[in-house]
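As stored in my_file20.cif (mmCIF, C-alpha atoms):
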```
data_input
loop_
_atom_site.label_atom_id
_atom_site.label_comp_id
_atom_site.auth_asym_id
_atom_site.auth_seq_id
_atom_site.Cartn_x
_atom_site.Cartn_y
_atom_site.Cartn_z
CA MET A 1 105.71 93.79 122.47
CA ILE A 2 105.88 95.39 119.03
CA ASN A 3 108.93 97.44 120.01
CA GLN A 4 110.93 94.29 120.60
CA ILE A 5 111.00 93.43 116.88
CA ASN A 6 112.67 96.74 116.02
CA LYS A 7 116.03 95.96 114.39
CA HIS A 8 115.61 92.26 115.07
CA LEU A 9 114.69 89.03 113.31
CA ILE A 10 111.18 87.72 112.73
CA VAL A 11 110.99 84.07 111.68
CA SER A 12 108.18 82.92 109.40
CA CYS A 13 106.92 79.52 110.57
CA GLN A 14 104.61 78.20 107.88
CA ALA A 15 103.85 74.87 106.26
CA LEU A 16 101.04 74.50 103.74
CA GLU A 17 98.82 71.46 103.47
CA ASP A 18 100.97 69.80 100.81
CA GLU A 19 104.19 70.23 102.80
CA PRO A 20 105.73 67.57 105.08
CA LEU A 21 105.75 69.72 108.25
CA HIS A 22 102.11 70.78 107.97
CA SER A 23 100.95 70.64 111.59
CA SER A 24 100.10 73.28 114.16
CA MET A 25 102.06 71.36 116.77
CA ILE A 26 105.13 71.23 114.54
CA MET A 27 104.88 74.93 113.69
CA ALA A 28 104.66 75.75 117.39
CA ARG A 29 107.84 73.77 118.03
CA MET A 30 109.46 75.51 115.08
CA ALA A 31 108.54 78.84 116.65
CA LEU A 32 110.06 77.70 119.93
CA ALA A 33 113.27 76.78 118.11
CA ALA A 34 113.27 80.23 116.48
CA TYR A 35 112.76 81.83 119.88
CA GLN A 36 115.65 79.85 121.35
CA GLY A 37 117.79 80.98 118.42
CA GLY A 38 117.10 84.63 119.21
CA ALA A 39 114.14 85.56 117.01
CA LYS A 40 112.07 88.41 118.40
CA GLY A 41 108.89 87.77 116.43
CA ILE A 42 107.02 85.10 114.45
CA ARG A 43 105.02 85.23 111.23
CA SER A 44 102.40 82.49 111.03
CA ASN A 45 99.66 81.26 108.72
CA SER A 46 96.24 80.05 109.95
CA VAL A 47 94.27 80.43 113.15
CA SER A 48 95.26 77.01 114.48
CA ASP A 49 98.99 77.60 114.00
CA ILE A 50 98.86 81.04 115.61
CA LEU A 51 96.98 79.75 118.66
CA GLU A 52 99.44 76.88 119.15
CA ILE A 53 102.42 79.18 118.75
CA LYS A 54 101.05 81.64 121.28
CA LYS A 55 100.75 78.83 123.82
CA ILE A 56 104.49 78.23 123.93
CA VAL A 57 106.32 81.40 122.89
CA ASP A 58 105.85 84.90 124.26
CA LEU A 59 106.65 86.75 121.05
CA PRO A 60 104.65 89.14 118.87
CA VAL A 61 103.01 87.36 115.94
CA ILE A 62 102.34 88.59 112.43
CA GLY A 63 99.25 86.62 111.49
CA ILE A 64 98.03 85.74 108.01
CA ILE A 65 95.56 83.38 106.39
CA LYS A 66 96.39 82.02 102.95
CA ARG A 67 93.51 81.05 100.66
CA ASP A 68 93.22 80.62 96.89
CA TYR A 69 90.27 82.03 94.95
CA ASP A 70 89.37 81.55 91.30
CA ASP A 71 88.40 85.18 90.79
CA SER A 72 91.45 86.80 92.40
CA ASP A 73 95.24 86.60 92.54
CA VAL A 74 95.14 87.76 96.16
CA TYR A 75 95.86 84.90 98.57
CA ILE A 76 97.23 86.50 101.75
CA THR A 77 94.36 87.42 104.10
CA PRO A 78 92.00 88.02 101.19
CA THR A 79 88.60 88.37 102.90
CA TYR A 80 86.86 90.20 105.73
CA GLN A 81 86.21 86.86 107.44
CA ASP A 82 89.95 86.16 107.46
CA VAL A 83 90.60 89.43 109.27
CA ASP A 84 87.82 88.70 111.77
CA ASP A 85 89.32 85.28 112.48
CA LEU A 86 92.84 86.65 112.89
CA VAL A 87 91.72 89.39 115.29
CA LYS A 88 90.27 86.69 117.55
CA THR A 89 93.68 84.97 117.82
CA GLY A 90 95.19 88.05 119.45
CA CYS A 91 98.01 88.28 116.92
CA GLU A 92 99.75 91.61 117.29
CA ILE A 93 99.95 92.39 113.56
CA ILE A 94 97.72 91.22 110.71
CA ALA A 95 99.41 91.12 107.30
CA MET A 96 97.50 91.24 104.04
CA ASP A 97 98.12 91.46 100.33
CA ALA A 98 98.43 95.14 99.46
CA THR A 99 99.17 94.73 95.77
CA SER A 100 97.24 96.33 92.94
CA SER A 101 95.25 93.13 92.36
CA THR A 102 91.60 93.15 93.40
CA ARG A 103 90.38 90.86 96.14
CA PRO A 104 87.71 88.16 95.80
CA GLY A 105 84.44 89.76 94.76
CA GLN A 106 86.42 92.49 92.93
CA ILE A 107 86.91 94.46 96.15
CA SER A 108 89.71 97.01 95.94
CA LEU A 109 92.45 97.31 98.53
CA ASP A 110 91.26 100.83 99.40
CA GLU A 111 87.75 99.66 100.21
CA PHE A 112 88.95 96.57 102.05
CA PHE A 113 91.48 98.34 104.24
CA LYS A 114 89.15 101.24 105.06
CA THR A 115 86.49 98.78 106.23
CA VAL A 116 88.75 96.64 108.43
CA LYS A 117 90.55 99.64 109.92
CA GLU A 118 87.26 101.24 110.90
CA LYS A 119 86.08 97.96 112.41
CA TYR A 120 89.34 97.31 114.26
CA PRO A 121 90.94 100.73 114.88
CA HIS A 122 93.44 99.40 117.43
CA GLN A 123 94.65 96.46 115.37
CA LEU A 124 98.01 96.84 113.64
CA PHE A 125 98.12 95.99 109.94
CA MET A 126 101.03 95.17 107.64
CA ALA A 127 100.92 95.65 103.86
CA ASP A 128 102.48 92.86 101.82
CA CYS A 129 103.62 94.69 98.67
CA SER A 130 105.38 93.72 95.45
CA THR A 131 106.37 97.09 93.94
CA ILE A 132 107.53 100.52 95.04
CA ASP A 133 104.25 102.11 93.89
CA GLU A 134 102.24 99.59 95.92
CA ALA A 135 104.32 100.36 99.01
CA ILE A 136 103.74 104.10 98.57
CA HIS A 137 100.02 103.55 98.13
CA ALA A 138 99.80 101.33 101.23
CA ASP A 139 101.68 103.96 103.20
CA GLN A 140 99.19 106.63 102.09
CA LEU A 141 96.28 104.38 103.07
CA GLY A 142 97.65 104.21 106.60
CA PHE A 143 99.05 100.71 107.02
CA ASP A 144 101.12 100.50 110.20
CA PHE A 145 103.92 98.53 108.53
CA ILE A 146 105.01 98.30 104.91
CA GLY A 147 106.38 94.92 103.81
CA THR A 148 108.29 93.81 100.72
CA THR A 149 106.89 90.29 101.01
CA LEU A 150 105.65 89.87 97.44
CA VAL A 151 108.49 91.38 95.40
CA GLY A 152 109.01 89.04 92.47
CA TYR A 153 105.89 86.99 93.20
CA THR A 154 103.25 88.98 91.28
CA LYS A 155 102.59 89.72 87.62
CA GLN A 156 103.50 93.36 88.18
CA SER A 157 106.85 92.46 89.79
CA THR A 158 107.92 89.64 87.48
CA GLY A 159 111.69 89.57 87.17
CA ASP A 160 112.31 91.81 90.18
CA HIS A 161 114.80 90.63 92.78
CA ILE A 162 114.78 92.11 96.26
CA GLU A 163 118.58 92.12 96.62
CA LYS A 164 119.40 93.61 93.19
CA ASP A 165 121.64 96.71 93.25
CA ASP A 166 122.10 96.53 97.01
CA PHE A 167 118.36 96.25 97.71
CA LYS A 168 117.46 99.19 95.49
CA ILE A 169 113.73 98.48 95.80
CA ILE A 170 113.94 98.64 99.58
CA ARG A 171 116.07 101.78 99.51
CA GLU A 172 113.54 103.51 97.26
CA ILE A 173 110.64 102.47 99.48
CA LEU A 174 112.44 103.73 102.58
CA LYS A 175 112.89 107.12 100.93
CA GLN A 176 109.22 107.50 100.06
CA VAL A 177 107.18 106.11 102.94
CA LYS A 178 106.68 107.32 106.50
CA HIS A 179 105.60 104.06 108.14
CA PRO A 180 108.13 101.42 109.26
CA VAL A 181 109.33 99.03 106.57
CA ILE A 182 109.63 95.31 107.29
CA ALA A 183 111.91 93.59 104.79
CA GLU A 184 110.71 90.19 103.63
CA GLY A 185 110.98 87.93 100.63
CA ASN A 186 114.04 85.96 99.49
CA ILE A 187 116.22 87.32 102.26
CA ASP A 188 117.98 84.02 102.58
CA THR A 189 121.35 84.70 104.19
CA PRO A 190 122.39 86.27 107.50
CA GLN A 191 124.32 88.88 105.54
CA LYS A 192 121.22 89.99 103.61
CA ALA A 193 119.20 90.18 106.82
CA ARG A 194 121.80 92.37 108.47
CA ARG A 195 122.10 94.58 105.39
CA VAL A 196 118.41 95.49 105.17
CA LEU A 197 118.49 96.55 108.81
CA GLU A 198 121.57 98.64 108.13
CA LEU A 199 119.68 100.35 105.32
CA GLY A 200 116.95 101.42 107.72
CA CYS A 201 114.30 98.69 107.79
CA TYR A 202 112.37 98.35 111.03
CA SER A 203 112.68 94.57 111.06
CA VAL A 204 113.35 91.61 108.78
CA VAL A 205 111.34 88.44 108.17
CA VAL A 206 113.15 85.26 107.18
CA GLY A 207 111.22 82.11 106.41
CA SER A 208 111.97 79.22 104.07
CA ILE A 209 115.72 79.16 104.58
CA ILE A 210 115.13 78.59 108.30
CA THR A 211 111.85 76.68 108.53
CA ARG A 212 111.33 74.68 105.31
CA PRO A 213 113.79 71.79 105.33
CA GLN A 214 112.71 70.49 101.92
CA ILE A 215 113.71 73.83 100.35
CA ILE A 216 116.99 73.97 102.26
CA THR A 217 117.79 70.41 101.15
CA LYS A 218 116.98 71.23 97.53
CA ARG A 219 119.52 74.04 97.50
CA PHE A 220 122.19 71.53 98.41
CA THR A 221 121.04 68.84 95.96
CA ASP A 222 120.65 71.32 93.09
CA GLU A 223 124.23 72.46 93.60
CA ILE A 224 125.55 68.92 93.80
CA GLU A 225 123.55 67.48 90.91
CA GLY A 226 123.94 70.55 88.72
CA GLY A 227 127.71 70.50 88.80
CA LYS A 228 128.64 66.85 88.74
CA TYR A 229 132.31 66.41 89.55
#
```
Would you put the structure from the file into structure tokens?
Amino acid sequence: MINQINKHLIVSCQALEDEPLHSSMIMARMALAAYQGGAKGIRSNSVSDILEIKKIVDLPVIGIIKRDYDDSDVYITPTYQDVDDLVKTGCEIIAMDATSSTRPGQISLDEFFKTVKEKYPHQLFMADCSTIDEAIHADQLGFDFIGTTLVGYTKQSTGDHIEKDDFKIIREILKQVKHPVIAEGNIDTPQKARRVLELGCYSVVVGSIITRPQIITKRFTDEIEGGKY
């Protein structure tokens, strides 16, 4: 199933607890809509959402669990328990924060990844990175996929924009890693999605601009209200 995402679209179907579409049933229907629109993979947050999605769409799933901790900036699949829970869902790929920040309990990425890879040697893992150096490091650690998910969202990537200079960050990562690169993060137009695949990315994840109607609506209202005629 993993091969079917190569050079195709993955749609991120997520809604957090404070969002209007927060519901495993709704996310499953969103995944079905993405499937009907031609998506070849789904990215999903939480065990319940993944299980519901897998009931109605036969697509590979990138699974994550988002949790906030007081002692860590890492919030995407931050703990060993999260990995254990995701493995049980049968998701094809597990994505995790692969930034330079330490995990809860001050556990380094190196220690964390080594432990989970030894425990689950046949599970595929994706590194959610925010800088070129982080992507190179994740590649050296042996992640199966390198993602640009967190570019611009961390302290170390403040001010960075994924699309700047014709996706320079992605082009540099592609030059320096051997594992497949999945482009993700603020890729919010069909043209951008096509471009990152043209540059050599294995696949592309698009989320909010497809699956978060409140964000889509705000783009329209900001334009209208910000430039009163």
Spell out the residues picked by the PyMOL selection byres ((chain A and resi 23) around 12) here, as a PDB file with C-alpha atoms, in the frame of the given file.
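Wrote expr.pdb, looks like this:
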```
ATOM      1  CA  CYS A  13     106.920  79.520 110.570  1.00  0.00           C
ATOM      2  CA  GLN A  14     104.610  78.200 107.880  1.00  0.00           C
ATOM      3  CA  ALA A  15     103.850  74.870 106.260  1.00  0.00           C
ATOM      4  CA  LEU A  16     101.040  74.500 103.740  1.00  0.00           C
ATOM      5  CA  GLU A  17      98.820  71.460 103.470  1.00  0.00           C
ATOM      6  CA  ASP A  18     100.970  69.800 100.810  1.00  0.00           C
ATOM      7  CA  GLU A  19     104.190  70.230 102.800  1.00  0.00           C
ATOM      8  CA  PRO A  20     105.730  67.570 105.080  1.00  0.00           C
ATOM      9  CA  LEU A  21     105.750  69.720 108.250  1.00  0.00           C
ATOM     10  CA  HIS A  22     102.110  70.780 107.970  1.00  0.00           C
ATOM     11  CA  SER A  24     100.100  73.280 114.160  1.00  0.00           C
ATOM     12  CA  MET A  25     102.060  71.360 116.770  1.00  0.00           C
ATOM     13  CA  ILE A  26     105.130  71.230 114.540  1.00  0.00           C
ATOM     14  CA  MET A  27     104.880  74.930 113.690  1.00  0.00           C
ATOM     15  CA  ALA A  28     104.660  75.750 117.390  1.00  0.00           C
ATOM     16  CA  ARG A  29     107.840  73.770 118.030  1.00  0.00           C
ATOM     17  CA  MET A  30     109.460  75.510 115.080  1.00  0.00           C
ATOM     18  CA  SER A  44     102.400  82.490 111.030  1.00  0.00           C
ATOM     19  CA  ASN A  45      99.660  81.260 108.720  1.00  0.00           C
ATOM     20  CA  SER A  46      96.240  80.050 109.950  1.00  0.00           C
ATOM     21  CA  VAL A  47      94.270  80.430 113.150  1.00  0.00           C
ATOM     22  CA  SER A  48      95.260  77.010 114.480  1.00  0.00           C
ATOM     23  CA  ASP A  49      98.990  77.600 114.000  1.00  0.00           C
ATOM     24  CA  ILE A  50      98.860  81.040 115.610  1.00  0.00           C
ATOM     25  CA  GLU A  52      99.440  76.880 119.150  1.00  0.00           C
ATOM     26  CA  ILE A  53     102.420  79.180 118.750  1.00  0.00           C
TER      27      ILE A  53
END
```
Around segment 53-56 of chain A, with edges along x, y and z and 6 Å added on all six sides, what centre and edge lengths do you get, in Å to one decimal, as JSON?
```
{"center_x": 102.6, "center_y": 79.9, "center_z": 121.3, "size_x": 15.7, "size_y": 15.4, "size_z": 17.2}
```
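Every residue that the PyMOL selection byres ((chain A and resi 199) around 10) selects in this file is listed here: A:Asp166, A:Phe167, A:Ile170, A:Arg171, A:Leu174, A:Arg194, A:Arg195, A:Val196, A:Leu197, A:Glu198, A:Gly200, A:Cys201, A:Tyr202.
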(request) Could you check which of A:Ile169, A:Ile132, A:Ile62, A:Ile56 is closest to Gln36 of chain A, using all atoms listed in the file? (result)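 Ranked by minimum distance to Gln36 of chain A, first place goes to A:Ile56.
Residue selection for this entry, given the PyMOL selection byres ((chain A and resi 186-188) around 10), comprises Thr148, Thr149, Leu150, Val151, Gly152, His161, Ile162, Glu163, Ala183, Glu184, Gly185, Thr189, Pro190, Gln191, Lys192, Ala193, Arg194, Arg195, Val196, Val204, Val205, Val206, Gly207, Ser208, Ile209 and Ile210 of chain A.
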Counting all atoms listed in the file, what is within 9 Å of Tyr80 of chain A, bar same-chain residues fewer than 3 positions away, as an mmCIF file with C-alpha atoms, in the coordinates of the input?
```cif
data_model
loop_
_atom_site.group_PDB
_atom_site.id
_atom_site.type_symbol
_atom_site.label_atom_id
_atom_site.label_comp_id
_atom_site.auth_asym_id
_atom_site.auth_seq_id
_atom_site.Cartn_x
_atom_site.Cartn_y
_atom_site.Cartn_z
ATOM 1 C CA THR A 77 94.360 87.420 104.100
ATOM 2 C CA VAL A 83 90.600 89.430 109.270
ATOM 3 C CA ASP A 84 87.820 88.700 111.770
ATOM 4 C CA ASP A 85 89.320 85.280 112.480
ATOM 5 C CA PHE A 112 88.950 96.570 102.050
ATOM 6 C CA THR A 115 86.490 98.780 106.230
ATOM 7 C CA VAL A 116 88.750 96.640 108.430
#
```
(message) One number please: atom CA of Gly142 of chain A to atom CA of Ile64 of chain A, in Å, one decimal.
(response)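 Separation of atom CA of Gly142 of chain A and atom CA of Ile64 of chain A: 18.5 Å.
The two atoms in question, atom CA of Ser12 of chain A and atom CA of Glu225 of chain A, are spaced 28.6 Å apart.
Minimum atom-to-atom distance to Gln4 of chain A, evaluated using all atoms listed in the file, belongs to A:Ala39 out of A:Ile215, A:Ala39, A:Leu32, A:Leu141.
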(message) One number please: atom CA of Met126 of chain A to atom CA of His179 of chain A, in Å, one decimal.
(response)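 Pair atom CA of Met126 of chain A / atom CA of His179 of chain A returns 10.0 Å.
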Compile a residue-level contact table for segment 98-129 of chain A against segment 66-71 of chain A at a cut-off of 8 Å, reporting for every qualifying residue the shortest atom pair and its distance in Å to one decimal, with only C-alpha atoms counted, rows ordered by chain and ascending number, as CSV.
```
residue,atom,partner,partner_atom,distance
A:Pro104,CA,A:Asp71,CA,5.9
A:Gly105,CA,A:Asp71,CA,7.2
A:Gln106,CA,A:Asp71,CA,7.9
```
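If you measure from each of A:Thr211, A:Ser72, A:Thr221, A:Ser203 to Asn6 of chain A using only C-alpha atoms, the closest one turns out to be A:Ser203.
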(message) Under the rule that only C-alpha atoms are counted, which of A:Tyr153, A:Asn3, A:Lys88, A:Leu124 is the nearest residue to Asp73 of chain A?
(response)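 Distance minimum relative to Asp73 of chain A lands on A:Tyr153.
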(message) So that I can see what lies close to Gly90 of chain A, please list as a list in words the residues with an atom at most 9 Å from it, counting all atoms listed in the file and leaving out residues fewer than 2 positions away in the same chain.
(response) Ile50, Leu51, Lys54, Val61, Leu86, Val87, Lys88, Glu92 and Ile93 of chain A
(request) Could you check which of A:Asp82, A:Asp128, A:Asp222, A:Asp110 is closest to Ala95 of chain A, using only C-alpha atoms? (result)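 The shortest atom-to-atom distance to Ala95 of chain A comes from A:Asp128.
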Using the structure block above, produce a file of segment 159-180 of chain A that contains N, CA and C atoms, as an mmCIF file, in the first residue's frame.
```
data_model
loop_
_atom_site.group_PDB
_atom_site.id
_atom_site.type_symbol
_atom_site.label_atom_id
_atom_site.label_comp_id
_atom_site.auth_asym_id
_atom_site.auth_seq_id
_atom_site.Cartn_x
_atom_site.Cartn_y
_atom_site.Cartn_z
ATOM 1 N N GLY A 159 10.300 32.099 11.340
ATOM 2 C CA GLY A 159 10.510 32.954 10.173
ATOM 3 C C GLY A 159 10.743 32.211 8.881
ATOM 4 N N ASP A 160 10.927 30.893 8.945
ATOM 5 C CA ASP A 160 11.129 30.111 7.729
ATOM 6 C C ASP A 160 9.784 29.841 7.043
ATOM 7 N N HIS A 161 9.813 29.869 5.723
ATOM 8 C CA HIS A 161 8.608 29.594 4.942
ATOM 9 C C HIS A 161 8.937 28.515 3.918
ATOM 10 N N ILE A 162 8.148 27.469 3.918
ATOM 11 C CA ILE A 162 8.444 26.291 3.104
ATOM 12 C C ILE A 162 8.580 26.621 1.623
ATOM 13 N N GLU A 163 7.775 27.597 1.133
ATOM 14 C CA GLU A 163 7.759 27.865 -0.301
ATOM 15 C C GLU A 163 8.782 28.908 -0.741
ATOM 16 N N LYS A 164 9.514 29.511 0.193
ATOM 17 C CA LYS A 164 10.438 30.592 -0.141
ATOM 18 C C LYS A 164 11.519 30.119 -1.119
ATOM 19 N N ASP A 165 11.832 30.969 -2.093
ATOM 20 C CA ASP A 165 12.868 30.679 -3.099
ATOM 21 C C ASP A 165 12.626 29.333 -3.777
ATOM 22 N N ASP A 166 11.394 29.146 -4.235
ATOM 23 C CA ASP A 166 11.026 27.909 -4.924
ATOM 24 C C ASP A 166 11.349 26.677 -4.073
ATOM 25 N N PHE A 167 10.862 26.716 -2.824
ATOM 26 C CA PHE A 167 11.012 25.586 -1.897
ATOM 27 C C PHE A 167 12.487 25.228 -1.679
ATOM 28 N N LYS A 168 13.282 26.254 -1.394
ATOM 29 C CA LYS A 168 14.713 26.032 -1.208
ATOM 30 C C LYS A 168 15.000 25.022 -0.100
ATOM 31 N N ILE A 169 14.253 25.098 1.001
ATOM 32 C CA ILE A 169 14.479 24.164 2.108
ATOM 33 C C ILE A 169 14.284 22.728 1.641
ATOM 34 N N ILE A 170 13.230 22.495 0.898
ATOM 35 C CA ILE A 170 12.966 21.142 0.389
ATOM 36 C C ILE A 170 14.058 20.712 -0.588
ATOM 37 N N ARG A 171 14.464 21.624 -1.468
ATOM 38 C CA ARG A 171 15.492 21.268 -2.447
ATOM 39 C C ARG A 171 16.808 20.905 -1.758
ATOM 40 N N GLU A 172 17.144 21.625 -0.685
ATOM 41 C CA GLU A 172 18.366 21.314 0.052
ATOM 42 C C GLU A 172 18.252 19.970 0.769
ATOM 43 N N ILE A 173 17.094 19.698 1.335
ATOM 44 C CA ILE A 173 16.899 18.406 2.005
ATOM 45 C C ILE A 173 17.011 17.262 1.002
ATOM 46 N N LEU A 174 16.388 17.423 -0.140
ATOM 47 C CA LEU A 174 16.432 16.377 -1.170
ATOM 48 C C LEU A 174 17.863 16.060 -1.596
ATOM 49 N N LYS A 175 18.712 17.078 -1.620
ATOM 50 C CA LYS A 175 20.106 16.877 -2.018
ATOM 51 C C LYS A 175 20.891 16.075 -0.983
ATOM 52 N N GLN A 176 20.472 16.153 0.287
ATOM 53 C CA GLN A 176 21.335 15.669 1.355
ATOM 54 C C GLN A 176 20.814 14.468 2.133
ATOM 55 N N VAL A 177 19.665 13.938 1.740
ATOM 56 C CA VAL A 177 19.152 12.749 2.427
ATOM 57 C C VAL A 177 18.950 11.624 1.424
ATOM 58 N N LYS A 178 18.954 10.390 1.934
ATOM 59 C CA LYS A 178 18.774 9.239 1.056
ATOM 60 C C LYS A 178 17.380 8.646 1.151
ATOM 61 N N HIS A 179 16.670 8.923 2.247
ATOM 62 C CA HIS A 179 15.325 8.391 2.399
ATOM 63 C C HIS A 179 14.300 9.303 1.723
ATOM 64 N N PRO A 180 13.135 8.761 1.350
ATOM 65 C CA PRO A 180 12.122 9.549 0.647
ATOM 66 C C PRO A 180 11.654 10.740 1.484
#
```
